[in-house]
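Dumped data-v3.cif below, it's mmCIF, C-alpha atoms:
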```cif
data_target
#
loop_
_atom_site.label_atom_id
_atom_site.label_comp_id
_atom_site.auth_asym_id
_atom_site.auth_seq_id
_atom_site.Cartn_x
_atom_site.Cartn_y
_atom_site.Cartn_z
CA ALA A 105 60.77 -3.43 -88.84
CA THR A 106 63.95 -2.05 -87.29
CA ARG A 107 65.50 -1.89 -90.79
CA SER A 108 62.57 0.06 -92.26
CA SER A 109 62.54 2.49 -89.36
CA GLY A 110 66.25 3.16 -89.74
CA ARG A 111 67.15 1.54 -86.44
CA LEU A 112 69.01 -1.55 -87.57
CA ALA A 113 71.76 -0.73 -85.07
CA ASP A 114 69.23 -1.24 -82.28
CA ALA A 115 68.32 -4.78 -83.31
CA LEU A 116 70.67 -6.36 -80.78
CA PRO A 117 70.01 -3.91 -77.91
CA LEU A 118 66.24 -4.30 -78.41
CA GLY A 119 66.63 -8.06 -78.35
CA LEU A 120 68.41 -7.76 -75.01
CA VAL A 121 65.62 -5.51 -73.79
CA CYS A 122 63.15 -8.23 -74.77
CA SER A 123 64.94 -10.60 -72.39
CA VAL A 124 63.59 -8.38 -69.61
CA VAL A 125 60.23 -7.30 -71.01
CA PHE A 126 59.21 -10.85 -71.94
CA ALA A 127 61.08 -12.72 -69.18
CA PRO A 128 59.21 -15.86 -68.07
CA ASP A 129 59.87 -15.00 -64.42
CA ALA A 130 58.04 -11.68 -64.82
CA ALA A 131 54.77 -12.88 -66.30
CA GLY A 132 51.89 -10.74 -65.11
CA GLN A 133 54.00 -7.70 -64.19
CA THR A 134 51.87 -4.68 -65.18
CA GLU A 135 54.88 -2.40 -65.63
CA LEU A 136 56.44 -4.80 -68.12
CA GLY A 137 53.15 -5.05 -69.98
CA HIS A 138 53.26 -1.29 -70.43
CA ALA A 139 56.91 -1.52 -71.48
CA ALA A 140 55.98 -4.04 -74.18
CA VAL A 141 53.50 -1.51 -75.59
CA ARG A 142 56.12 1.27 -75.53
CA LEU A 143 58.55 -1.06 -77.28
CA GLU A 144 56.29 -1.03 -80.36
CA ARG A 145 57.35 2.48 -81.30
CA HIS A 146 60.86 1.14 -81.97
CA VAL A 147 59.50 -1.30 -84.58
CA ASP A 148 57.14 0.88 -86.61
CA ASP A 149 54.31 0.40 -84.08
CA LEU A 150 54.13 -3.34 -84.79
CA HIS A 151 52.84 -5.55 -82.02
CA ILE A 152 55.43 -7.86 -80.51
CA GLY A 153 53.92 -10.97 -78.98
CA VAL A 154 55.41 -13.02 -76.18
CA VAL A 155 56.57 -15.77 -78.55
CA GLU A 156 58.30 -13.30 -80.90
CA GLY A 157 59.75 -11.28 -78.03
CA ARG A 158 61.29 -14.34 -76.36
CA ALA A 159 62.69 -15.58 -79.66
CA TRP A 160 64.29 -12.19 -80.27
CA ALA A 161 65.67 -12.21 -76.72
CA LYS A 162 67.08 -15.72 -77.15
CA ALA A 163 68.86 -14.80 -80.38
CA ALA A 164 70.34 -11.61 -78.90
CA THR A 165 71.49 -13.30 -75.71
CA ALA A 166 73.06 -16.16 -77.69
CA LEU A 167 75.00 -13.68 -79.85
CA VAL A 168 76.46 -11.91 -76.82
CA GLY A 169 77.20 -15.26 -75.20
CA ARG A 170 79.02 -16.46 -78.30
CA ASP A 171 81.21 -13.41 -78.81
CA GLY A 172 81.56 -12.24 -75.21
CA ALA A 173 80.30 -9.09 -73.54
CA ALA A 174 83.42 -7.09 -74.46
CA ALA A 175 82.64 -7.51 -78.16
CA TRP A 176 79.20 -5.98 -77.69
CA GLN A 177 79.94 -3.31 -75.09
CA GLY A 178 78.09 -0.60 -77.02
CA ALA A 179 75.01 -2.76 -77.51
CA LEU A 180 74.87 -3.59 -73.81
CA ASP A 181 75.13 0.08 -72.87
CA ARG A 182 72.43 0.97 -75.38
CA ALA A 183 70.16 -1.78 -74.03
CA ASP A 184 70.42 -0.31 -70.52
CA THR A 185 69.46 3.09 -71.93
CA LEU A 186 66.51 1.69 -73.88
CA LEU A 187 65.25 -0.17 -70.85
CA GLU A 188 65.18 3.07 -68.88
CA GLU A 189 63.35 4.82 -71.72
CA LEU A 190 60.71 2.08 -71.58
CA ARG A 191 60.42 2.75 -67.80
CA ALA A 192 61.44 -0.82 -67.06
CA GLY A 193 64.92 -0.17 -65.69
CA ALA A 194 63.96 -1.55 -62.29
CA PHE A 195 63.52 -4.99 -63.87
CA ALA A 196 67.02 -5.26 -65.38
CA TRP A 197 67.78 -8.05 -62.87
CA LEU A 198 65.63 -10.35 -65.02
CA SER A 199 68.36 -10.31 -67.67
CA ASP A 200 71.35 -12.65 -67.57
CA THR A 201 73.30 -10.22 -69.75
CA LEU A 202 72.72 -6.52 -68.98
CA TYR A 203 75.17 -4.50 -66.87
CA ALA A 204 72.34 -2.94 -64.90
CA GLY A 205 71.04 -6.43 -64.24
CA LEU A 206 74.26 -7.49 -62.55
CA ASP A 207 74.18 -4.56 -60.12
CA GLN A 208 70.52 -5.17 -59.37
CA ARG A 209 71.18 -8.85 -58.70
CA MET A 210 73.97 -7.82 -56.33
CA LEU A 211 71.54 -5.51 -54.53
CA ARG A 212 68.98 -8.31 -54.29
CA PHE A 213 71.66 -10.63 -52.91
CA GLY A 214 72.78 -8.02 -50.37
CA ALA A 215 69.18 -7.44 -49.27
CA ALA A 216 68.73 -11.19 -48.78
CA VAL A 217 71.89 -11.37 -46.66
CA GLY A 218 70.63 -8.44 -44.60
CA ARG A 219 67.29 -10.13 -44.00
CA PHE A 220 69.08 -13.32 -42.97
CA VAL A 221 71.19 -11.48 -40.39
CA ALA A 222 68.08 -9.74 -39.05
CA GLN A 223 66.41 -13.13 -38.72
CA LEU A 224 69.24 -14.61 -36.68
CA SER A 225 68.57 -15.28 -33.02
CA GLY A 226 70.08 -17.28 -30.22
CA GLU A 227 68.11 -20.33 -31.27
CA LYS A 228 69.15 -21.91 -34.55
CA GLY A 229 66.65 -23.31 -37.00
CA GLY A 230 63.04 -22.35 -37.59
CA ASP A 231 61.04 -21.91 -40.77
CA ALA A 232 61.71 -18.19 -41.06
CA LEU A 233 65.47 -18.67 -40.82
CA ASP A 234 65.38 -21.57 -43.27
CA GLU A 235 63.49 -19.41 -45.73
CA ALA A 236 66.03 -16.62 -45.29
CA VAL A 237 68.85 -19.05 -46.09
CA ARG A 238 67.04 -20.31 -49.18
CA GLU A 239 66.58 -16.76 -50.40
CA VAL A 240 70.29 -15.99 -50.02
CA LEU A 241 71.23 -19.12 -51.96
CA GLN A 242 68.66 -18.37 -54.68
CA ARG A 243 69.99 -14.83 -55.12
CA ALA A 244 73.52 -16.23 -55.32
CA ALA A 245 72.40 -18.66 -58.03
CA GLU A 246 70.95 -15.72 -59.99
CA LEU A 247 74.33 -14.00 -59.84
CA ARG A 248 76.21 -17.08 -61.03
CA ARG A 249 73.97 -17.25 -64.09
CA HIS A 250 74.80 -13.70 -65.14
CA ALA A 251 77.12 -13.52 -68.14
CA LEU A 252 79.16 -10.65 -66.71
CA VAL A 253 79.88 -11.95 -63.21
CA SER A 254 82.97 -13.82 -64.41
CA ARG A 255 84.59 -10.45 -65.13
CA PHE A 256 84.45 -9.51 -61.45
CA ALA A 257 86.50 -12.17 -59.69
CA GLN A 258 86.54 -10.49 -56.26
CA ARG A 259 82.81 -9.83 -56.30
CA ARG A 260 82.11 -13.43 -57.32
CA GLU A 261 84.38 -14.79 -54.58
CA GLN A 262 82.75 -12.59 -51.94
CA VAL A 263 79.32 -13.89 -52.92
CA GLU A 264 80.53 -17.47 -52.44
CA MET A 265 82.14 -16.61 -49.10
CA ALA A 266 78.99 -14.87 -47.88
CA CYS A 267 76.99 -18.00 -48.74
CA ARG A 268 79.48 -20.09 -46.78
CA LEU A 269 79.02 -17.92 -43.71
CA VAL A 270 75.24 -17.87 -44.00
CA LYS A 271 75.08 -21.66 -44.11
CA TRP A 272 77.48 -21.92 -41.16
CA LEU A 273 75.53 -19.51 -38.99
CA ALA A 274 72.22 -21.18 -39.82
CA ARG A 275 73.07 -24.61 -38.50
CA PRO A 276 73.59 -25.55 -34.83
CA ILE A 277 77.23 -25.35 -33.77
CA ARG A 278 78.36 -28.12 -31.48
CA ASP A 279 79.83 -27.23 -28.12
CA LEU A 280 83.56 -27.68 -27.71
CA ASP A 281 84.02 -30.20 -24.92
CA SER A 282 87.79 -30.69 -25.06
CA VAL A 283 90.96 -29.07 -26.31
CA ALA A 284 91.22 -31.78 -28.98
CA SER A 285 87.68 -31.17 -30.24
CA ALA A 286 88.40 -27.45 -30.43
CA ILE A 287 91.57 -27.97 -32.45
CA GLU A 288 89.85 -30.37 -34.82
CA TRP A 289 86.92 -27.97 -35.20
CA GLN A 290 89.29 -25.17 -36.19
CA ALA A 291 90.97 -27.40 -38.77
CA ASP A 292 87.70 -28.65 -40.26
CA GLN A 293 85.40 -25.62 -39.98
CA GLY A 294 86.89 -22.62 -38.25
CA ALA A 295 89.65 -22.17 -40.82
CA PHE A 296 87.11 -21.96 -43.65
CA VAL A 297 84.90 -19.60 -41.64
CA ASP A 298 87.85 -17.29 -40.97
CA TRP A 299 88.92 -17.39 -44.62
CA ALA A 300 85.41 -16.38 -45.65
CA ARG A 301 84.93 -13.54 -43.17
CA PHE A 302 88.32 -12.02 -43.96
CA ARG A 303 87.52 -12.05 -47.68
CA LEU A 304 84.45 -9.92 -47.04
CA ARG A 305 86.60 -7.09 -45.73
CA GLY A 306 86.48 -4.05 -47.96
CA GLY A 307 82.93 -4.75 -49.02
CA ASP A 308 81.45 -4.20 -52.47
CA ASP A 309 81.21 -1.23 -54.84
CA LEU A 310 77.54 -0.98 -53.86
CA ALA A 311 77.10 0.57 -50.42
CA GLU A 312 74.02 -1.50 -49.62
CA VAL A 313 75.91 -4.74 -50.27
CA SER A 314 78.85 -3.55 -48.18
CA GLU A 315 76.50 -2.86 -45.28
CA ALA A 316 75.03 -6.35 -45.57
CA TYR A 317 78.51 -7.88 -45.58
CA ALA A 318 79.48 -5.83 -42.52
CA ALA A 319 76.40 -7.06 -40.65
CA LEU A 320 77.18 -10.65 -41.63
CA ARG A 321 80.80 -10.32 -40.52
CA ALA A 322 79.67 -8.89 -37.19
CA ALA A 323 77.33 -11.85 -36.62
CA VAL A 324 80.12 -14.29 -37.47
CA ALA A 325 82.62 -12.44 -35.26
CA ALA A 326 80.23 -12.68 -32.30
CA GLU A 327 79.89 -16.45 -32.76
CA ARG A 328 83.64 -16.87 -33.25
CA ALA A 329 84.30 -14.86 -30.08
CA ARG A 330 82.03 -17.21 -28.14
CA LEU A 331 83.93 -20.22 -29.42
CA ALA A 332 87.30 -18.58 -28.75
CA LYS A 333 86.25 -17.87 -25.16
CA ARG A 334 85.24 -21.50 -24.75
CA PHE A 335 88.60 -22.65 -26.13
CA ALA A 336 90.41 -20.31 -23.75
CA SER A 337 88.48 -21.71 -20.81
CA LEU A 338 89.52 -25.24 -21.81
CA LEU A 339 93.15 -24.20 -22.01
CA ALA A 340 93.19 -22.25 -18.75
CA PRO A 341 94.54 -23.92 -15.59
CA GLY A 342 91.65 -25.46 -13.70
CA GLY A 343 89.42 -25.27 -16.76
CA GLY A 344 88.64 -28.94 -16.60
CA HIS A 345 90.15 -29.45 -20.04
CA ASP A 346 90.73 -32.90 -21.43
CA TRP A 347 94.14 -33.35 -23.03
CA THR A 348 93.26 -36.84 -24.26
CA PRO A 349 95.43 -37.22 -27.37
CA SER A 350 93.81 -37.37 -30.79
CA PRO A 351 95.44 -39.27 -33.68
CA ARG A 352 94.74 -36.25 -35.86
CA ILE A 353 96.65 -33.75 -33.73
CA VAL A 354 100.40 -33.44 -34.21
CA PRO A 355 102.31 -31.31 -31.68
CA VAL A 356 104.81 -29.18 -33.53
CA GLU A 357 107.80 -30.83 -31.84
CA SER A 358 106.63 -34.26 -33.10
CA ALA A 359 106.11 -33.31 -36.74
CA LEU A 360 109.56 -34.30 -38.00
CA ALA A 361 109.59 -37.69 -36.26
CA ASP A 362 105.96 -38.59 -36.91
CA LEU A 363 105.41 -37.18 -40.40
CA VAL A 364 108.61 -36.24 -42.22
CA ALA A 365 110.88 -39.11 -41.20
CA PRO A 366 108.49 -41.90 -42.27
CA LEU A 367 108.18 -40.25 -45.69
CA ALA A 368 111.96 -39.84 -45.91
CA ALA A 369 112.33 -43.58 -45.38
CA SER A 370 110.92 -44.20 -48.85
CA HIS A 371 111.37 -40.96 -50.77
CA PRO A 372 113.39 -37.71 -50.68
CA VAL A 373 111.41 -35.04 -48.84
CA LEU A 374 111.34 -31.27 -49.12
CA LEU A 375 109.79 -29.67 -46.03
CA LEU A 376 108.57 -26.13 -46.66
CA VAL A 377 108.05 -24.11 -43.47
CA MET A 378 105.90 -21.01 -43.84
CA ASP A 379 106.31 -19.03 -40.65
CA GLY A 380 103.22 -17.43 -39.10
CA LEU A 381 100.80 -19.30 -41.38
CA SER A 382 97.35 -19.84 -39.87
CA VAL A 383 95.21 -22.75 -40.99
CA SER A 384 92.74 -20.35 -42.64
CA ILE A 385 95.46 -18.68 -44.71
CA PHE A 386 96.86 -22.10 -45.60
CA ARG A 387 93.46 -23.17 -46.89
CA GLU A 388 93.22 -20.03 -49.00
CA LEU A 389 96.70 -20.52 -50.45
CA PHE A 390 96.20 -24.22 -51.06
CA ALA A 391 93.08 -23.55 -53.11
CA GLU A 392 95.43 -21.88 -55.59
CA LEU A 393 98.13 -24.55 -55.29
CA ALA A 394 95.61 -27.28 -56.03
CA ALA A 395 95.12 -25.69 -59.45
CA LEU A 396 98.88 -26.16 -60.02
CA SER A 397 98.62 -29.93 -59.46
CA TRP A 398 99.64 -29.98 -55.81
CA SER A 399 97.70 -32.62 -53.90
CA GLU A 400 96.70 -32.94 -50.28
CA TRP A 401 96.99 -36.46 -48.87
CA VAL A 402 95.16 -37.61 -45.76
CA ARG A 403 95.42 -40.84 -43.81
CA SER A 404 92.76 -43.27 -44.99
CA ASP A 405 92.08 -44.46 -41.45
CA LEU A 406 91.29 -40.92 -40.29
CA GLY A 407 89.60 -39.48 -43.36
CA HIS A 408 90.55 -35.93 -42.35
CA ALA A 409 93.64 -33.78 -42.54
CA LEU A 410 96.01 -33.80 -39.60
CA ALA A 411 96.16 -30.67 -37.44
CA GLY A 412 99.44 -29.23 -36.27
CA LEU A 413 99.54 -27.77 -32.77
CA ALA A 414 101.89 -24.86 -32.13
CA ALA A 415 103.91 -24.58 -28.92
CA PHE A 416 103.00 -21.81 -26.50
CA PRO A 417 103.66 -18.95 -26.73
CA THR A 418 103.05 -19.19 -30.46
CA VAL A 419 106.03 -17.12 -31.58
CA THR A 420 108.83 -18.03 -33.99
CA GLU A 421 111.48 -18.40 -31.29
CA VAL A 422 109.41 -21.12 -29.62
CA SER A 423 107.25 -22.87 -32.21
CA ARG A 424 109.64 -22.91 -35.17
CA ALA A 425 112.59 -23.80 -32.98
CA SER A 426 110.59 -26.65 -31.44
CA LEU A 427 109.54 -27.91 -34.88
CA LEU A 428 113.09 -28.08 -36.21
CA ALA A 429 114.66 -29.41 -33.00
CA GLY A 430 112.09 -32.11 -32.37
CA ALA A 431 111.59 -30.97 -28.78
CA VAL A 432 109.96 -28.00 -27.09
CA THR A 433 112.69 -25.39 -26.93
CA THR A 434 113.60 -21.81 -27.83
CA GLY A 435 116.26 -20.52 -30.18
CA GLY A 436 117.23 -18.60 -33.26
CA SER A 437 118.34 -19.62 -36.74
CA GLY A 438 121.76 -20.87 -35.62
CA GLN A 439 120.33 -23.28 -33.07
CA GLU A 440 117.72 -24.40 -35.60
CA LYS A 441 120.35 -25.36 -38.20
CA THR A 442 122.33 -27.39 -35.70
CA ALA A 443 119.33 -29.17 -34.22
CA PHE A 444 117.84 -30.01 -37.62
CA ALA A 445 121.08 -31.52 -38.90
CA VAL A 446 121.32 -33.94 -35.95
CA HIS A 447 117.63 -34.81 -35.58
CA PRO A 448 117.76 -38.59 -34.81
CA ALA A 449 114.71 -39.62 -36.87
CA LEU A 450 115.87 -37.62 -39.90
CA LEU A 451 119.44 -38.89 -39.64
CA ALA A 452 118.19 -42.46 -39.53
CA ASN A 453 116.61 -41.97 -42.95
CA SER A 454 119.35 -39.88 -44.58
CA ASN A 455 122.48 -40.76 -46.50
CA ALA A 456 125.48 -40.77 -44.17
CA SER A 457 127.33 -38.32 -46.39
CA GLN A 458 124.37 -35.96 -46.68
CA PRO A 459 122.73 -35.14 -43.34
CA PRO A 460 119.48 -33.12 -43.30
CA ARG A 461 119.99 -29.55 -44.53
CA LEU A 462 118.09 -26.46 -43.44
CA PHE A 463 117.90 -23.25 -45.45
CA HIS A 464 116.51 -20.07 -43.95
CA LYS A 465 114.73 -17.32 -45.83
CA GLY A 466 117.86 -15.28 -46.51
CA GLU A 467 119.51 -18.27 -48.21
CA LEU A 468 116.70 -19.05 -50.62
CA ALA A 469 117.11 -16.28 -53.20
CA GLU A 470 119.94 -15.49 -55.59
CA ASP A 471 119.58 -12.68 -58.13
CA GLY A 472 115.82 -12.88 -57.83
CA SER A 473 115.67 -16.64 -58.41
CA LEU A 474 115.99 -19.74 -56.27
CA SER A 475 119.62 -19.96 -55.13
CA SER A 476 121.95 -22.49 -56.74
CA GLN A 477 122.72 -24.26 -53.46
CA VAL A 478 119.01 -24.79 -52.76
CA ARG A 479 118.49 -26.08 -56.30
CA ALA A 480 121.42 -28.47 -55.89
CA ALA A 481 120.04 -29.80 -52.61
CA ILE A 482 116.60 -30.39 -54.10
CA VAL A 483 118.04 -32.22 -57.12
CA ASP A 484 120.37 -34.37 -55.00
CA GLY A 485 118.57 -37.67 -54.37
CA ARG A 486 120.65 -38.27 -51.23
#
```

In structure tokens, how does this file's structure come out?
Amino acid sequence: ATRSSGRLADALPLGLVCSVVFAPDAAGQTELGHAAVRLERHVDDLHIGVVEGRAWAKAATALVGRDGAAAWQGALDRADTLLEELRAGAFAWLSDTLYAGLDQRMLRFGAAVGRFVAQLSGEKGGDALDEAVREVLQRAAELRRHALVSRFAQRREQVEMACRLVKWLARPIRDLDSVASAIEWQADQGAFVDWARFRLRGGDDLAEVSEAYAALRAAVAAERARLAKRFASLLAPGGGHDWTPSPRIVPVESALADLVAPLAASHPVLLLVMDGLSVSIFRELFAELAALSWSEWVRSDLGHALAGLAAFPTVTEVSRASLLAGAVTTGGSGQEKTAFAVHPALLANSNASQPPRLFHKGELAEDGSLSSQVRAAIVDGR
């Protein structure tokens, strides 16, 4: 019919339109029923039944899926235009392929996030809140199914991070009853919460979605502030804090003796110190490193990652100096080099002719590449 009416070029766009007009999830929608009637004028006034319409939609969607959206940019644009002409533009979200559908699914997701935040109260749980969470996750699943979402990496990541925050806010958060429990909580949960809320900064291209993200971030910030205040009270003198040691917590001054030296006893070790790195930023960076075949190892008897504890105040002159000296101290790069080279636990596991070597940032680069002396030290098995 499209051939005889001179509209062969619209065969693919009309098939994509059918994915909306005859979508199974929209059965009974009066507006789409009217759109199906209007669609007939594009095929010489022939009636298109549900079976034929869905078959046409399946073939068109499969073609775009096979070749990629970029190969059929014009057809996708034309389909959006045709859908508007059929007065069914508001239903583009039913399509897993159309550009307009992606934006509408983002708006639906943002609206669901907004309703979740509005539903939040001091008391966690409840049927209404559970339903709000389910709606957010359903809208996120809709977005993942869309063929075009993979082209918008930041948008896709923000959706995942928003879901993480929604699930965190929806469940009861245990009270922090000791300094150790607070540190372990930050390592296991807080770091991922902070990573997520920081990634929502800047919002989305759609103002409504940005507003929903801002409201979600504000709700998370309020909860994080409460936890931070509790942590501060545990740390404060007279706060009744419990400094009972945890096998998972490694004070920064003990890291070389407790972690690096035992490894050095059986294998050469390269210790990479990234100054000013929070646990949340580490988690974000490591997600990329894991794709490059770096692996995180945890003690089998603990089942969780260890948590390093900085020295107070948490500035370079104190914490980094204490790390490299093996004792709580202060100092600059000169003192760090000397202390590292004579660290007893490291010396005990080093070749006598090659004591531990420390390179600072300024010594790492040479003509834009890793310096020759650093390369030589890494290659040297001693």

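Coordinates place CA of Asp292 (chain A) at a distance of 14.7 Å from CA of Pro351 (chain A).
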
Compute the distance from (86.9, -20.0, -39.5) to each atom, counting all atoms listed in the file, keep the residues with any atom at most 12 Å away, and return them as a ChimeraX atom specification; use the coordinates of the file.
/A:265,268-269,272-273,286-303,321,324-325,327-329,331-332,382-388

When the PyMOL selection byres ((chain A and resi 413) around 7) is applied to the structure above, which residues does it catch, written out as a PyMOL selection string?
chain A and resi 353-356+411-412+414-415

Please dump the current selection as a PDB file, in the frame of the given file; keep C-alpha atoms.
```pdb
ATOM      1  CA  ILE A 353      96.650 -33.750 -33.730  1.00  0.00           C
ATOM      2  CA  VAL A 354     100.400 -33.440 -34.210  1.00  0.00           C
ATOM      3  CA  PRO A 355     102.310 -31.310 -31.680  1.00  0.00           C
ATOM      4  CA  VAL A 356     104.810 -29.180 -33.530  1.00  0.00           C
ATOM      5  CA  ALA A 411      96.160 -30.670 -37.440  1.00  0.00           C
ATOM      6  CA  GLY A 412      99.440 -29.230 -36.270  1.00  0.00           C
ATOM      7  CA  ALA A 414     101.890 -24.860 -32.130  1.00  0.00           C
ATOM      8  CA  ALA A 415     103.910 -24.580 -28.920  1.00  0.00           C
TER       9      ALA A 415
END
```

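When CA of Tyr317 (chain A) is paired with CA of Ala257 (chain A), their separation reads 16.8 Å.
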
So how many Å separate CA of Asp471 (chain A) and CA of Gly436 (chain A), to one decimal?
25.7 Å

Evaluating the PyMOL selection byres ((chain A and resi 454) around 12) on the displayed file yields which residues, as a CSV table (one decimal) with C-alpha atoms, in the coordinates of the input?
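See expr34.csv below for the written result:
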```
chain,number,residue,atom,x,y,z
A,364,VAL,CA,108.6,-36.2,-42.2
A,365,ALA,CA,110.9,-39.1,-41.2
A,366,PRO,CA,108.5,-41.9,-42.3
A,367,LEU,CA,108.2,-40.2,-45.7
A,368,ALA,CA,112.0,-39.8,-45.9
A,369,ALA,CA,112.3,-43.6,-45.4
A,370,SER,CA,110.9,-44.2,-48.8
A,371,HIS,CA,111.4,-41.0,-50.8
A,372,PRO,CA,113.4,-37.7,-50.7
A,373,VAL,CA,111.4,-35.0,-48.8
A,445,ALA,CA,121.1,-31.5,-38.9
A,446,VAL,CA,121.3,-33.9,-36.0
A,447,HIS,CA,117.6,-34.8,-35.6
A,448,PRO,CA,117.8,-38.6,-34.8
A,449,ALA,CA,114.7,-39.6,-36.9
A,450,LEU,CA,115.9,-37.6,-39.9
A,451,LEU,CA,119.4,-38.9,-39.6
A,452,ALA,CA,118.2,-42.5,-39.5
A,453,ASN,CA,116.6,-42.0,-43.0
A,455,ASN,CA,122.5,-40.8,-46.5
A,456,ALA,CA,125.5,-40.8,-44.2
A,457,SER,CA,127.3,-38.3,-46.4
A,458,GLN,CA,124.4,-36.0,-46.7
A,459,PRO,CA,122.7,-35.1,-43.3
A,460,PRO,CA,119.5,-33.1,-43.3
A,461,ARG,CA,120.0,-29.6,-44.5
A,484,ASP,CA,120.4,-34.4,-55.0
A,485,GLY,CA,118.6,-37.7,-54.4
A,486,ARG,CA,120.6,-38.3,-51.2
```

Contacts of Arg479 (chain A) at 12 Å (all atoms listed in the file; same-chain gap of 5+ positions) as a VMD selection string:
chain A and resid 374 463 467 to 470 473 to 474 484 to 485

I need the residue nearest Trp160 (chain A) from this list: A:Pro117, A:Gly466, A:Gly438, A:Gly307. Use all atoms listed in the file for the distance.
A:Pro117

Applying 12 Å and all atoms listed in the file, which residues near Val422 (chain A) remain after dropping the ones on its own chain fewer than 4 positions away? List them as a count of residues only.
23

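Among the candidates A:Ala113, A:Val283, A:Leu320, A:Ala204, the one nearest to Ala216 (chain A) when counting only C-alpha atoms is A:Leu320.
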
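Nearest residue to Leu252 (chain A), choosing from A:Arg191, A:Arg209, A:Arg238, A:Arg278 and counting all atoms listed in the file: A:Arg209.
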
Could you write out as a PyMOL selection string the residues that the PyMOL selection byres ((chain A and resi 139-144) around 9) matches in the shown file?
chain A and resi 118+122+125-126+134-138+145-153+187+189-192

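With distances restricted to only C-alpha atoms, A:Asp281 is the closest residue to Leu339 (chain A) from A:Asp207, A:Asp308, A:Asp362, A:Asp281.
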
Which residues are near Gly172 (chain A)? Cut-off 12 Å, only C-alpha atoms, ignore same chain within fewer than 6 positions. Put them as number ranges by chain.
A: 164-166, 179-180, 201, 251-252, 254-255

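Of the listed residues A:Gln133, A:Arg243, A:Val168, A:Trp176, the one whose atoms come nearest to Ala194 (chain A) is A:Gln133, with distances taken using all atoms listed in the file.
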
Got a sec: who's within 9 Å of Val313 (chain A), counting only C-alpha atoms, leaving out chain neighbours fewer than 6 positions off, as a PDB file with C-alpha atoms, keeping the file's coordinate frame?
```pdb
ATOM      1  CA  MET A 210      73.970  -7.820 -56.330  1.00  0.00           C
ATOM      2  CA  LEU A 211      71.540  -5.510 -54.530  1.00  0.00           C
ATOM      3  CA  ARG A 212      68.980  -8.310 -54.290  1.00  0.00           C
ATOM      4  CA  PHE A 213      71.660 -10.630 -52.910  1.00  0.00           C
ATOM      5  CA  GLY A 214      72.780  -8.020 -50.370  1.00  0.00           C
ATOM      6  CA  ALA A 215      69.180  -7.440 -49.270  1.00  0.00           C
ATOM      7  CA  VAL A 217      71.890 -11.370 -46.660  1.00  0.00           C
ATOM      8  CA  GLY A 218      70.630  -8.440 -44.600  1.00  0.00           C
ATOM      9  CA  GLY A 307      82.930  -4.750 -49.020  1.00  0.00           C
TER      10      GLY A 307
END
```

A:Leu206, A:Ala232, A:Ala222, A:Val402 ranked by distance to Arg248 (chain A), top pick (using only C-alpha atoms):
A:Leu206
